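The file data-v9.cif contains mmCIF, C-alpha atoms and all ligand atoms:
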data_protein
#
loop_
_atom_site.group_PDB
_atom_site.id
_atom_site.type_symbol
_atom_site.label_atom_id
_atom_site.label_comp_id
_atom_site.auth_asym_id
_atom_site.auth_seq_id
_atom_site.Cartn_x
_atom_site.Cartn_y
_atom_site.Cartn_z
ATOM 1 C CA MET A 1483 -6.780 -16.434 11.043
ATOM 2 C CA SER A 1484 -7.284 -20.115 11.411
ATOM 3 C CA ASP A 1485 -7.416 -20.647 7.667
ATOM 4 C CA GLY A 1486 -4.627 -18.235 6.882
ATOM 5 C CA VAL A 1487 -6.788 -15.173 6.260
ATOM 6 C CA ILE A 1488 -4.958 -13.181 8.919
ATOM 7 C CA GLU A 1489 -2.537 -15.124 10.911
ATOM 8 C CA THR A 1490 1.079 -14.697 9.940
ATOM 9 C CA VAL A 1491 2.495 -12.339 12.497
ATOM 10 C CA ASN A 1492 5.943 -11.017 11.856
ATOM 11 C CA LEU A 1493 7.128 -9.659 15.153
ATOM 12 C CA ALA A 1494 10.736 -10.695 14.890
ATOM 13 C CA SER A 1495 11.947 -9.280 11.611
ATOM 14 C CA PRO A 1496 9.598 -6.702 10.164
ATOM 15 C CA SER A 1497 10.405 -5.297 6.777
ATOM 16 C CA PRO A 1498 11.867 -1.838 7.392
ATOM 17 C CA ARG A 1499 9.797 -0.263 4.618
ATOM 18 C CA ALA A 1500 6.388 -1.786 5.371
ATOM 19 C CA GLU A 1501 3.849 -0.923 8.105
ATOM 20 C CA PRO A 1502 5.236 0.172 11.464
ATOM 21 C CA ARG A 1503 6.194 -2.876 13.483
ATOM 22 C CA PRO A 1504 4.636 -5.093 14.666
ATOM 23 C CA PHE A 1505 2.403 -5.880 11.734
ATOM 24 C CA PRO A 1506 0.388 -8.849 10.539
ATOM 25 C CA THR A 1507 0.543 -10.122 7.017
ATOM 26 C CA LEU A 1508 -2.890 -9.824 5.518
ATOM 27 C CA PRO A 1509 -3.306 -11.400 2.072
ATOM 28 C CA PRO A 1510 -5.293 -9.401 -0.465
ATOM 29 C CA HIS A 1511 -9.053 -9.697 -0.172
ATOM 30 C CA PRO A 1512 -11.204 -9.275 -3.276
ATOM 31 C CA PRO A 1513 -12.990 -5.916 -3.444
ATOM 32 C CA GLY A 1514 -16.711 -6.312 -2.914
ATOM 33 C CA LEU A 1515 -16.430 -8.862 -0.114
ATOM 34 C CA ARG A 1516 -18.824 -8.151 2.755
ATOM 35 C CA ILE A 1517 -17.142 -8.794 6.071
ATOM 36 C CA GLY A 1518 -18.502 -8.364 9.595
ATOM 37 C CA LEU A 1519 -15.943 -7.437 12.258
ATOM 38 C CA PHE A 1520 -16.983 -8.826 15.619
ATOM 39 C CA GLY A 1521 -14.604 -7.688 18.332
ATOM 40 C CA GLY A 1522 -14.681 -9.206 21.765
ATOM 41 C CA SER A 1523 -12.853 -10.492 24.791
ATOM 42 C CA PHE A 1524 -14.271 -13.996 24.211
ATOM 43 C CA ASN A 1525 -13.406 -14.767 27.823
ATOM 44 C CA PRO A 1526 -14.703 -17.406 27.224
ATOM 45 C CA PRO A 1527 -16.530 -17.574 23.863
ATOM 46 C CA HIS A 1528 -20.103 -18.826 24.053
ATOM 47 C CA ALA A 1529 -23.368 -19.548 22.243
ATOM 48 C CA GLY A 1530 -24.275 -15.839 22.263
ATOM 49 C CA HIS A 1531 -21.244 -15.008 20.119
ATOM 50 C CA LEU A 1532 -22.237 -17.685 17.667
ATOM 51 C CA ALA A 1533 -25.877 -16.536 17.604
ATOM 52 C CA VAL A 1534 -24.870 -12.904 16.940
ATOM 53 C CA SER A 1535 -22.566 -14.014 14.111
ATOM 54 C CA LEU A 1536 -25.203 -16.160 12.435
ATOM 55 C CA ILE A 1537 -27.809 -13.398 12.668
ATOM 56 C CA ALA A 1538 -25.351 -10.902 11.155
ATOM 57 C CA LEU A 1539 -24.298 -13.263 8.364
ATOM 58 C CA ARG A 1540 -27.883 -13.878 7.350
ATOM 59 C CA ARG A 1541 -29.521 -10.504 7.869
ATOM 60 C CA LEU A 1542 -26.656 -8.378 6.525
ATOM 61 C CA GLY A 1543 -25.844 -10.763 3.675
ATOM 62 C CA LEU A 1544 -22.223 -11.094 4.785
ATOM 63 C CA ASP A 1545 -19.617 -13.372 3.229
ATOM 64 C CA ASN A 1546 -17.687 -13.716 6.471
ATOM 65 C CA VAL A 1547 -17.599 -12.680 10.091
ATOM 66 C CA TRP A 1548 -14.191 -12.201 11.674
ATOM 67 C CA TRP A 1549 -13.957 -12.708 15.411
ATOM 68 C CA LEU A 1550 -11.341 -10.203 16.531
ATOM 69 C CA VAL A 1551 -10.202 -11.685 19.805
ATOM 70 C CA SER A 1552 -9.009 -8.740 21.875
ATOM 71 C CA PRO A 1553 -5.651 -8.680 23.652
ATOM 72 C CA GLY A 1554 -7.612 -6.927 26.416
ATOM 73 C CA ASN A 1555 -10.559 -4.557 26.393
ATOM 74 C CA PRO A 1556 -9.103 -1.172 27.435
ATOM 75 C CA LEU A 1557 -12.182 -0.517 29.596
ATOM 76 C CA LYS A 1558 -12.190 -3.850 31.434
ATOM 77 C CA ASP A 1559 -10.228 -5.173 34.356
ATOM 78 C CA ARG A 1560 -7.773 -7.820 33.128
ATOM 79 C CA ASP A 1561 -7.636 -9.789 36.387
ATOM 80 C CA GLU A 1562 -9.905 -12.525 35.125
ATOM 81 C CA LEU A 1563 -8.714 -12.447 31.520
ATOM 82 C CA GLU A 1564 -7.523 -15.813 30.224
ATOM 83 C CA PRO A 1565 -4.411 -15.816 28.013
ATOM 84 C CA LEU A 1566 -5.042 -14.878 24.397
ATOM 85 C CA ALA A 1567 -3.923 -18.290 23.120
ATOM 86 C CA ALA A 1568 -6.493 -20.077 25.284
ATOM 87 C CA ARG A 1569 -9.303 -17.761 24.202
ATOM 88 C CA LEU A 1570 -8.337 -18.148 20.547
ATOM 89 C CA ALA A 1571 -8.267 -21.940 20.798
ATOM 90 C CA GLU A 1572 -11.667 -22.042 22.454
ATOM 91 C CA ALA A 1573 -13.114 -19.606 19.918
ATOM 92 C CA ARG A 1574 -11.872 -21.779 17.058
ATOM 93 C CA ARG A 1575 -13.502 -24.839 18.583
ATOM 94 C CA LEU A 1576 -16.818 -23.018 18.939
ATOM 95 C CA ALA A 1577 -16.851 -21.195 15.584
ATOM 96 C CA ARG A 1578 -17.718 -24.218 13.517
ATOM 97 C CA ASP A 1579 -19.285 -22.308 10.625
ATOM 98 C CA PRO A 1580 -16.655 -21.967 7.863
ATOM 99 C CA ARG A 1581 -17.753 -18.390 7.251
ATOM 100 C CA ILE A 1582 -16.545 -17.407 10.733
ATOM 101 C CA LYS A 1583 -12.814 -16.671 10.983
ATOM 102 C CA VAL A 1584 -11.053 -16.233 14.302
ATOM 103 C CA SER A 1585 -8.263 -13.676 14.397
ATOM 104 C CA ALA A 1586 -5.583 -12.362 16.755
ATOM 105 C CA ILE A 1587 -4.880 -9.391 14.532
ATOM 106 C CA GLU A 1588 -5.248 -6.844 17.345
ATOM 107 C CA ALA A 1589 -2.428 -8.432 19.313
ATOM 108 C CA ALA A 1590 -0.345 -8.441 16.143
ATOM 109 C CA LEU A 1591 -1.115 -4.784 15.536
ATOM 110 C CA GLY A 1592 -0.224 -3.968 19.109
ATOM 111 C CA SER A 1593 -3.384 -1.998 19.821
ATOM 112 C CA PRO A 1594 -6.551 -2.935 21.718
ATOM 113 C CA PHE A 1595 -8.436 0.004 20.211
ATOM 114 C CA SER A 1596 -11.107 -0.784 17.646
ATOM 115 C CA PHE A 1597 -10.567 2.510 15.837
ATOM 116 C CA ASP A 1598 -6.981 1.472 15.106
ATOM 117 C CA THR A 1599 -8.009 -2.016 13.979
ATOM 118 C CA VAL A 1600 -10.693 -0.870 11.579
ATOM 119 C CA SER A 1601 -8.518 1.935 10.193
ATOM 120 C CA TYR A 1602 -5.787 -0.602 9.498
ATOM 121 C CA LEU A 1603 -8.135 -3.126 7.863
ATOM 122 C CA LYS A 1604 -9.690 -0.496 5.634
ATOM 123 C CA ARG A 1605 -6.258 0.624 4.500
ATOM 124 C CA ARG A 1606 -5.131 -2.932 3.821
ATOM 125 C CA CYS A 1607 -8.308 -4.116 2.082
ATOM 126 C CA PRO A 1608 -9.550 -1.374 -0.234
ATOM 127 C CA GLY A 1609 -12.955 -2.134 -1.688
ATOM 128 C CA VAL A 1610 -13.917 -4.624 1.008
ATOM 129 C CA HIS A 1611 -17.186 -3.684 2.723
ATOM 130 C CA PHE A 1612 -16.596 -3.923 6.462
ATOM 131 C CA VAL A 1613 -19.352 -3.710 9.078
ATOM 132 C CA TRP A 1614 -18.666 -3.453 12.810
ATOM 133 C CA ILE A 1615 -20.872 -5.825 14.814
ATOM 134 C CA MET A 1616 -21.620 -5.455 18.509
ATOM 135 C CA GLY A 1617 -24.144 -6.466 21.102
ATOM 136 C CA ALA A 1618 -26.589 -3.863 22.396
ATOM 137 C CA ASP A 1619 -24.802 -3.695 25.771
ATOM 138 C CA ASN A 1620 -21.670 -2.440 24.031
ATOM 139 C CA LEU A 1621 -23.519 0.448 22.421
ATOM 140 C CA SER A 1622 -24.358 1.741 25.912
ATOM 141 C CA SER A 1623 -20.683 2.297 26.727
ATOM 142 C CA PHE A 1624 -19.534 3.071 23.215
ATOM 143 C CA HIS A 1625 -19.072 6.792 23.989
ATOM 144 C CA ARG A 1626 -16.121 5.792 26.175
ATOM 145 C CA TRP A 1627 -14.212 4.206 23.275
ATOM 146 C CA LYS A 1628 -11.185 5.853 21.738
ATOM 147 C CA ARG A 1629 -12.308 8.375 19.068
ATOM 148 C CA TRP A 1630 -15.841 7.044 19.163
ATOM 149 C CA ARG A 1631 -17.284 9.828 17.038
ATOM 150 C CA ASP A 1632 -14.629 9.250 14.370
ATOM 151 C CA PHE A 1633 -15.359 5.535 14.569
ATOM 152 C CA LEU A 1634 -18.954 6.253 13.490
ATOM 153 C CA MET A 1635 -17.552 7.815 10.313
ATOM 154 C CA LEU A 1636 -15.250 4.869 9.650
ATOM 155 C CA THR A 1637 -17.608 1.944 9.192
ATOM 156 C CA PRO A 1638 -21.291 1.027 9.275
ATOM 157 C CA ILE A 1639 -22.383 -0.560 12.546
ATOM 158 C CA ALA A 1640 -24.767 -3.424 13.261
ATOM 159 C CA VAL A 1641 -26.071 -3.651 16.815
ATOM 160 C CA VAL A 1642 -27.558 -6.997 17.807
ATOM 161 C CA ASP A 1643 -30.139 -7.062 20.557
ATOM 162 C CA ARG A 1644 -29.212 -8.561 23.916
ATOM 163 C CA PRO A 1645 -31.431 -9.313 26.896
ATOM 164 C CA GLY A 1646 -31.471 -6.369 29.311
ATOM 165 C CA SER A 1647 -29.949 -3.862 26.887
ATOM 166 C CA THR A 1648 -32.584 -3.087 24.249
ATOM 167 C CA LEU A 1649 -33.839 0.233 25.605
ATOM 168 C CA LYS A 1650 -30.641 1.312 27.322
ATOM 169 C CA ALA A 1651 -28.646 1.033 24.100
ATOM 170 C CA MET A 1652 -30.733 3.479 22.093
ATOM 171 C CA ALA A 1653 -31.018 5.901 25.038
ATOM 172 C CA SER A 1654 -27.229 6.000 25.450
ATOM 173 C CA ARG A 1655 -25.011 8.807 24.130
ATOM 174 C CA ALA A 1656 -23.861 6.778 21.145
ATOM 175 C CA GLY A 1657 -27.379 5.463 20.530
ATOM 176 C CA ARG A 1658 -28.662 9.025 20.331
ATOM 177 C CA ALA A 1659 -25.783 10.059 18.063
ATOM 178 C CA LEU A 1660 -26.542 7.189 15.704
ATOM 179 C CA ALA A 1661 -30.321 7.532 15.707
ATOM 180 C CA PRO A 1662 -30.518 9.837 12.640
ATOM 181 C CA TYR A 1663 -28.495 7.325 10.622
ATOM 182 C CA ARG A 1664 -30.579 4.262 11.404
ATOM 183 C CA ILE A 1665 -31.470 1.949 8.525
ATOM 184 C CA SER A 1666 -34.615 -0.104 8.951
ATOM 185 C CA GLU A 1667 -34.174 -3.770 9.692
ATOM 186 C CA SER A 1668 -35.965 -4.725 6.520
ATOM 187 C CA ALA A 1669 -33.188 -2.948 4.577
ATOM 188 C CA ALA A 1670 -30.363 -4.436 6.663
ATOM 189 C CA ARG A 1671 -28.695 -5.942 3.595
ATOM 190 C CA LEU A 1672 -27.904 -2.416 2.414
ATOM 191 C CA LEU A 1673 -25.791 -1.708 5.515
ATOM 192 C CA PRO A 1674 -22.407 -3.128 4.387
ATOM 193 C CA CYS A 1675 -22.360 -0.836 1.340
ATOM 194 C CA ALA A 1676 -23.851 2.196 3.113
ATOM 195 C CA LYS A 1677 -21.718 5.284 3.617
ATOM 196 C CA PRO A 1678 -21.025 5.773 7.336
ATOM 197 C CA PRO A 1679 -22.429 6.928 9.641
ATOM 198 C CA ALA A 1680 -24.997 4.173 9.205
ATOM 199 C CA PHE A 1681 -26.374 1.601 11.560
ATOM 200 C CA VAL A 1682 -28.999 -1.041 11.969
ATOM 201 C CA PHE A 1683 -30.458 -2.558 15.121
ATOM 202 C CA LEU A 1684 -31.054 -6.261 14.567
ATOM 203 C CA HIS A 1685 -33.721 -7.900 16.681
ATOM 204 C CA GLY A 1686 -34.139 -11.604 16.603
ATOM 205 C CA PRO A 1687 -33.907 -14.590 18.833
ATOM 206 C CA ARG A 1688 -31.949 -13.175 21.770
ATOM 207 C CA SER A 1689 -29.331 -15.223 23.540
ATOM 208 C CA PRO A 1690 -29.002 -14.937 27.321
ATOM 209 C CA ALA A 1691 -25.469 -16.406 27.233
ATOM 210 C CA SER A 1692 -22.625 -14.380 28.750
ATOM 211 C CA SER A 1693 -18.958 -14.900 29.548
ATOM 212 C CA THR A 1694 -19.540 -13.579 33.073
ATOM 213 C CA ALA A 1695 -22.064 -16.355 33.749
ATOM 214 C CA LEU A 1696 -19.762 -18.979 32.254
ATOM 215 C CA ARG A 1697 -16.791 -17.842 34.333
ATOM 216 C CA ALA A 1698 -18.930 -17.983 37.458
ATOM 217 C CA ALA A 1699 -20.155 -21.489 36.569
ATOM 218 C CA ARG A 1700 -16.587 -22.687 35.971
ATOM 219 C CA GLN A 1701 -15.517 -21.495 39.408
ATOM 220 C CA ARG A 1702 -18.263 -23.442 41.184
HETATM 221 N N1 LIG B 1 -25.731 -13.008 24.333
HETATM 222 C C1 LIG B 1 -25.329 -12.006 23.580
HETATM 223 N N2 LIG B 1 -26.215 -11.314 22.813
HETATM 224 C C2 LIG B 1 -25.798 -10.251 22.048
HETATM 225 N N3 LIG B 1 -24.525 -9.803 21.998
HETATM 226 C C3 LIG B 1 -23.611 -10.448 22.742
HETATM 227 C C4 LIG B 1 -23.961 -11.578 23.559
HETATM 228 N N4 LIG B 1 -22.832 -12.008 24.166
HETATM 229 C C5 LIG B 1 -21.840 -11.203 23.779
HETATM 230 N N5 LIG B 1 -22.303 -10.251 22.918
HETATM 231 C C6 LIG B 1 -21.529 -9.217 22.259
HETATM 232 O O1 LIG B 1 -20.329 -9.817 21.806
HETATM 233 C C7 LIG B 1 -19.251 -8.892 21.871
HETATM 234 C C8 LIG B 1 -18.137 -9.511 22.672
HETATM 235 O O2 LIG B 1 -18.620 -9.731 23.985
HETATM 236 P P1 LIG B 1 -17.754 -10.422 25.112
HETATM 237 O O3 LIG B 1 -16.752 -11.311 24.485
HETATM 238 O O4 LIG B 1 -17.272 -9.401 26.076
HETATM 239 O O5 LIG B 1 -18.826 -11.376 25.818
HETATM 240 P P2 LIG B 1 -19.699 -11.037 27.103
HETATM 241 O O6 LIG B 1 -20.580 -12.206 27.313
HETATM 242 O O7 LIG B 1 -20.352 -9.700 26.949
HETATM 243 O O8 LIG B 1 -18.563 -10.971 28.217
HETATM 244 P P3 LIG B 1 -18.633 -10.492 29.751
HETATM 245 O O9 LIG B 1 -19.817 -11.139 30.395
HETATM 246 O O10 LIG B 1 -17.305 -10.925 30.304
HETATM 247 O O11 LIG B 1 -18.754 -8.970 29.701
HETATM 248 C C9 LIG B 1 -19.825 -7.615 22.488
HETATM 249 O O12 LIG B 1 -20.174 -6.743 21.430
HETATM 250 C C10 LIG B 1 -21.075 -8.109 23.183
HETATM 251 O O13 LIG B 1 -22.052 -7.102 23.263
HETATM 252 O O1 LIG B 2 -11.534 1.078 21.129
HETATM 253 C C1 LIG B 2 -11.921 1.197 22.307
HETATM 254 O O2 LIG B 2 -11.686 2.224 22.991
HETATM 255 C C2 LIG B 2 -12.689 0.073 22.929
HETATM 256 C C3 LIG B 2 -13.147 0.155 24.233
HETATM 257 C C4 LIG B 2 -13.856 -0.912 24.757
HETATM 258 C C5 LIG B 2 -14.095 -2.040 23.983
HETATM 259 N N1 LIG B 2 -13.630 -2.058 22.720
HETATM 260 C C6 LIG B 2 -13.860 -3.253 21.895
HETATM 261 O O3 LIG B 2 -15.170 -3.705 22.012
HETATM 262 C C7 LIG B 2 -15.222 -5.084 21.719
HETATM 263 C C8 LIG B 2 -16.065 -5.769 22.755
HETATM 264 O O4 LIG B 2 -15.356 -5.813 23.965
HETATM 265 P P1 LIG B 2 -15.797 -6.817 25.101
HETATM 266 O O5 LIG B 2 -14.703 -6.826 26.122
HETATM 267 O O6 LIG B 2 -17.084 -6.275 25.627
HETATM 268 O O7 LIG B 2 -15.936 -8.118 24.452
HETATM 269 C C9 LIG B 2 -13.770 -5.549 21.680
HETATM 270 O O8 LIG B 2 -13.386 -5.684 20.327
HETATM 271 C C10 LIG B 2 -13.026 -4.421 22.342
HETATM 272 O O9 LIG B 2 -11.699 -4.277 21.880
HETATM 273 C C11 LIG B 2 -12.947 -1.050 22.179
#

Would you mind writing the file's structure down as structure tokens?
Amino acid sequence: MSDGVIETVNLASPSPRAEPRPFPTLPPHPPGLRIGLFGGSFNPPHAGHLAVSLIALRRLGLDNVWWLVSPGNPLKDRDELEPLAARLAEARRLARDPRIKVSAIEAALGSPFSFDTVSYLKRRCPGVHFVWIMGADNLSSFHRWKRWRDFLMLTPIAVVDRPGSTLKAMASRAGRALAPYRISESAARLLPCAKPPAFVFLHGPRSPASSTALRAARQR
């Protein structure tokens, strides 16, 4: 991470007895920390990412939000994907709040799958309360993720509303699977310590920003 939280990547000479290579060095994190994991392509990052992070920090009572900049969403075409280094640099410029940390840990782990990332982080940081954060549009396609049902058992999930996705998200396969485990918004602060499956749908000021729109504007 930009401030050393997760950044040292040892690809060249991994210790033979540690994690399978490649592996990132992740310093110990104090048990009890409340950390939101916000995975994304960030291609490019935008005001919507920042808005989601600030809503999650405040409403879930988080200490930090980590932007997990993906090496490449396994469900998306990579034709238009900017290099990871460029997306990381832009994300760091945009994420001005010191509570937001930008990370390339997925590239270091060598997997684009969120199940693998969260499993790894939970193993490496026992006692830290992780919450997965995603926009409502992502919930609609969540049933196509690797081991999505197991993912629901791994970590609590916060879904943040997004224009055009409010109703579709809850009607989706994953939305229906999560419905019995929904925590009310007024109790959102309980989510990080809740036993999964658990989720909250956060409404709030919605941001219309999208990377697709920004890419289109940059091409004009
Ligand atoms: N405006 C927004 N409101 C709510 N959630 C958002 C918003 N923009 C992005 N997200 C969420 O942020 C995460 C990362 O999204 P991503 O980096 O793919 O941005 P995007 O704008 O959705 O990109 P694209 O338009 O290329 O699909 C996803 O969970 C997505 O749902
Ligand atoms: O694990 C999966 O199978 C999986 C499938 C699709 C998307 N994801 C993750 O979802 C997050 C949002 O992706 P994106 O491209 O919509 O920003 C990002 O962290 C991806 O790695 C994960």

Surrounding residues of Ala1659 (chain A) excluding itself and chain neighbours under 3 positions, 10 Å, only C-alpha atoms, as a list in words: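 Near neighbours after the sequence-gap exclusion: His1625, Arg1631, Leu1634, Met1652, Ala1653, Ser1654, Arg1655, Ala1656, Pro1662, Tyr1663 and Pro1679 of chain A.
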
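Pairwise distance (CA of Arg1541 (chain A), CA of Leu1684 (chain A)) equals 8.1 Å.
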
Taking the file as I've supplied it (selection: the PyMOL selection byres (((not hetatm)) within 8 of (chain B and resi 1))), which residues are included? Please answer as a PDB file with C-alpha atoms, in the coordinates of the input.
ATOM      1  CA  PHE A1520     -16.983  -8.826  15.619  1.00  0.00           C
ATOM      2  CA  GLY A1521     -14.604  -7.688  18.332  1.00  0.00           C
ATOM      3  CA  GLY A1522     -14.681  -9.206  21.765  1.00  0.00           C
ATOM      4  CA  SER A1523     -12.853 -10.492  24.791  1.00  0.00           C
ATOM      5  CA  PHE A1524     -14.271 -13.996  24.211  1.00  0.00           C
ATOM      6  CA  ASN A1525     -13.406 -14.767  27.823  1.00  0.00           C
ATOM      7  CA  PRO A1526     -14.703 -17.406  27.224  1.00  0.00           C
ATOM      8  CA  PRO A1527     -16.530 -17.574  23.863  1.00  0.00           C
ATOM      9  CA  HIS A1528     -20.103 -18.826  24.053  1.00  0.00           C
ATOM     10  CA  ALA A1529     -23.368 -19.548  22.243  1.00  0.00           C
ATOM     11  CA  GLY A1530     -24.275 -15.839  22.263  1.00  0.00           C
ATOM     12  CA  HIS A1531     -21.244 -15.008  20.119  1.00  0.00           C
ATOM     13  CA  ALA A1533     -25.877 -16.536  17.604  1.00  0.00           C
ATOM     14  CA  VAL A1534     -24.870 -12.904  16.940  1.00  0.00           C
ATOM     15  CA  ILE A1615     -20.872  -5.825  14.814  1.00  0.00           C
ATOM     16  CA  MET A1616     -21.620  -5.455  18.509  1.00  0.00           C
ATOM     17  CA  GLY A1617     -24.144  -6.466  21.102  1.00  0.00           C
ATOM     18  CA  ALA A1618     -26.589  -3.863  22.396  1.00  0.00           C
ATOM     19  CA  ASP A1619     -24.802  -3.695  25.771  1.00  0.00           C
ATOM     20  CA  ASN A1620     -21.670  -2.440  24.031  1.00  0.00           C
ATOM     21  CA  LEU A1621     -23.519   0.448  22.421  1.00  0.00           C
ATOM     22  CA  VAL A1642     -27.558  -6.997  17.807  1.00  0.00           C
ATOM     23  CA  ASP A1643     -30.139  -7.062  20.557  1.00  0.00           C
ATOM     24  CA  ARG A1644     -29.212  -8.561  23.916  1.00  0.00           C
ATOM     25  CA  PRO A1645     -31.431  -9.313  26.896  1.00  0.00           C
ATOM     26  CA  ARG A1688     -31.949 -13.175  21.770  1.00  0.00           C
ATOM     27  CA  SER A1689     -29.331 -15.223  23.540  1.00  0.00           C
ATOM     28  CA  PRO A1690     -29.002 -14.937  27.321  1.00  0.00           C
ATOM     29  CA  ALA A1691     -25.469 -16.406  27.233  1.00  0.00           C
ATOM     30  CA  SER A1692     -22.625 -14.380  28.750  1.00  0.00           C
ATOM     31  CA  SER A1693     -18.958 -14.900  29.548  1.00  0.00           C
ATOM     32  CA  THR A1694     -19.540 -13.579  33.073  1.00  0.00           C
ATOM     33  CA  ALA A1695     -22.064 -16.355  33.749  1.00  0.00           C
TER      34      ALA A1695
END

Could you pull out the residues sitting within 6 Å of ligand LIG 2 (chain B), using all atoms listed in the file, and write them as a ChimeraX atom specification? /A:1521-1523,1552,1555-1557,1594-1597,1627-1628

Return the single residue from A:Leu1539, A:Ala1640, A:Thr1648, A:Ala1567 that is closest to Asp1579 (chain A), with distances computed using all atoms listed in the file.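 Closest residue, counting all atoms listed in the file: A:Leu1539.
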
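Distance annotation: of A:Cys1675, A:Ala1586, A:Ile1537, A:Leu1519, the residue with the minimal separation from Val1551 (chain A) is A:Ala1586; atom set is all atoms listed in the file.
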
Could you state the separation of CA of Arg1569 (chain A) and CA of Gly1554 (chain A) in Å, given to one decimal place? 11.2 Å

Which one of A:Glu1572, A:Gly1518, A:Leu1536, A:Lys1650 sits closest to Leu1550 (chain A) if you count only C-alpha atoms?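 Looking only at the distances to Leu1550 (chain A), the closest residue turns out to be A:Gly1518.
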
Go ahead and compute the interatomic distance for CA of Ala1571 (chain A) and CA of Ala1538 (chain A), in Å to one decimal.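 We find that CA of Ala1571 (chain A) and CA of Ala1538 (chain A) lie 22.5 Å from each other.
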
Can you pull out the residues contacting Asp1545 (chain A)? Cut-off 9 Å, using all atoms listed in the file, and skip same-chain residues under 2 positions away; I want them as a ChimeraX atom specification. /A:1515-1518,1539,1543,1547,1581

Starting from the PyMOL selection byres (((chain A and resi 1512) around 10) and not hetatm), expand the selection into actual residues of this file and give them as a PDB file with C-alpha atoms, in the coordinates of the input.
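Saved the output as expr18.pdb:
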ATOM      1  CA  PRO A1509      -3.306 -11.400   2.072  1.00  0.00           C
ATOM      2  CA  PRO A1510      -5.293  -9.401  -0.465  1.00  0.00           C
ATOM      3  CA  HIS A1511      -9.053  -9.697  -0.172  1.00  0.00           C
ATOM      4  CA  PRO A1513     -12.990  -5.916  -3.444  1.00  0.00           C
ATOM      5  CA  GLY A1514     -16.711  -6.312  -2.914  1.00  0.00           C
ATOM      6  CA  LEU A1515     -16.430  -8.862  -0.114  1.00  0.00           C
ATOM      7  CA  ARG A1516     -18.824  -8.151   2.755  1.00  0.00           C
ATOM      8  CA  CYS A1607      -8.308  -4.116   2.082  1.00  0.00           C
ATOM      9  CA  PRO A1608      -9.550  -1.374  -0.234  1.00  0.00           C
ATOM     10  CA  GLY A1609     -12.955  -2.134  -1.688  1.00  0.00           C
ATOM     11  CA  VAL A1610     -13.917  -4.624   1.008  1.00  0.00           C
TER      12      VAL A1610
END

Step by step: locate region 1505-1526 of chain A in the block above, keep C-alpha atoms, then write the file as a PDB file, in the first residue's frame.
ATOM      1  CA  PHE A1505       3.381 -13.457  -1.913  1.00  0.00           C
ATOM      2  CA  PRO A1506       3.141  -9.952  -0.514  1.00  0.00           C
ATOM      3  CA  THR A1507       4.568  -8.993   2.817  1.00  0.00           C
ATOM      4  CA  LEU A1508       1.743  -7.828   5.003  1.00  0.00           C
ATOM      5  CA  PRO A1509       2.783  -6.347   8.359  1.00  0.00           C
ATOM      6  CA  PRO A1510       0.716  -7.376  11.367  1.00  0.00           C
ATOM      7  CA  HIS A1511      -2.520  -5.472  11.834  1.00  0.00           C
ATOM      8  CA  PRO A1512      -3.933  -5.029  15.333  1.00  0.00           C
ATOM      9  CA  PRO A1513      -6.908  -7.288  16.069  1.00  0.00           C
ATOM     10  CA  GLY A1514     -10.118  -5.304  16.291  1.00  0.00           C
ATOM     11  CA  LEU A1515      -9.367  -3.031  13.342  1.00  0.00           C
ATOM     12  CA  ARG A1516     -12.381  -2.537  11.075  1.00  0.00           C
ATOM     13  CA  ILE A1517     -11.329  -2.572   7.451  1.00  0.00           C
ATOM     14  CA  GLY A1518     -13.452  -2.249   4.314  1.00  0.00           C
ATOM     15  CA  LEU A1519     -12.166  -4.100   1.244  1.00  0.00           C
ATOM     16  CA  PHE A1520     -13.194  -2.283  -1.910  1.00  0.00           C
ATOM     17  CA  GLY A1521     -12.167  -4.244  -4.978  1.00  0.00           C
ATOM     18  CA  GLY A1522     -12.308  -2.725  -8.409  1.00  0.00           C
ATOM     19  CA  SER A1523     -10.790  -2.253 -11.819  1.00  0.00           C
ATOM     20  CA  PHE A1524     -10.407   1.498 -11.176  1.00  0.00           C
ATOM     21  CA  ASN A1525     -10.080   1.942 -14.929  1.00  0.00           C
ATOM     22  CA  PRO A1526      -9.958   4.860 -14.239  1.00  0.00           C
TER      23      PRO A1526
END
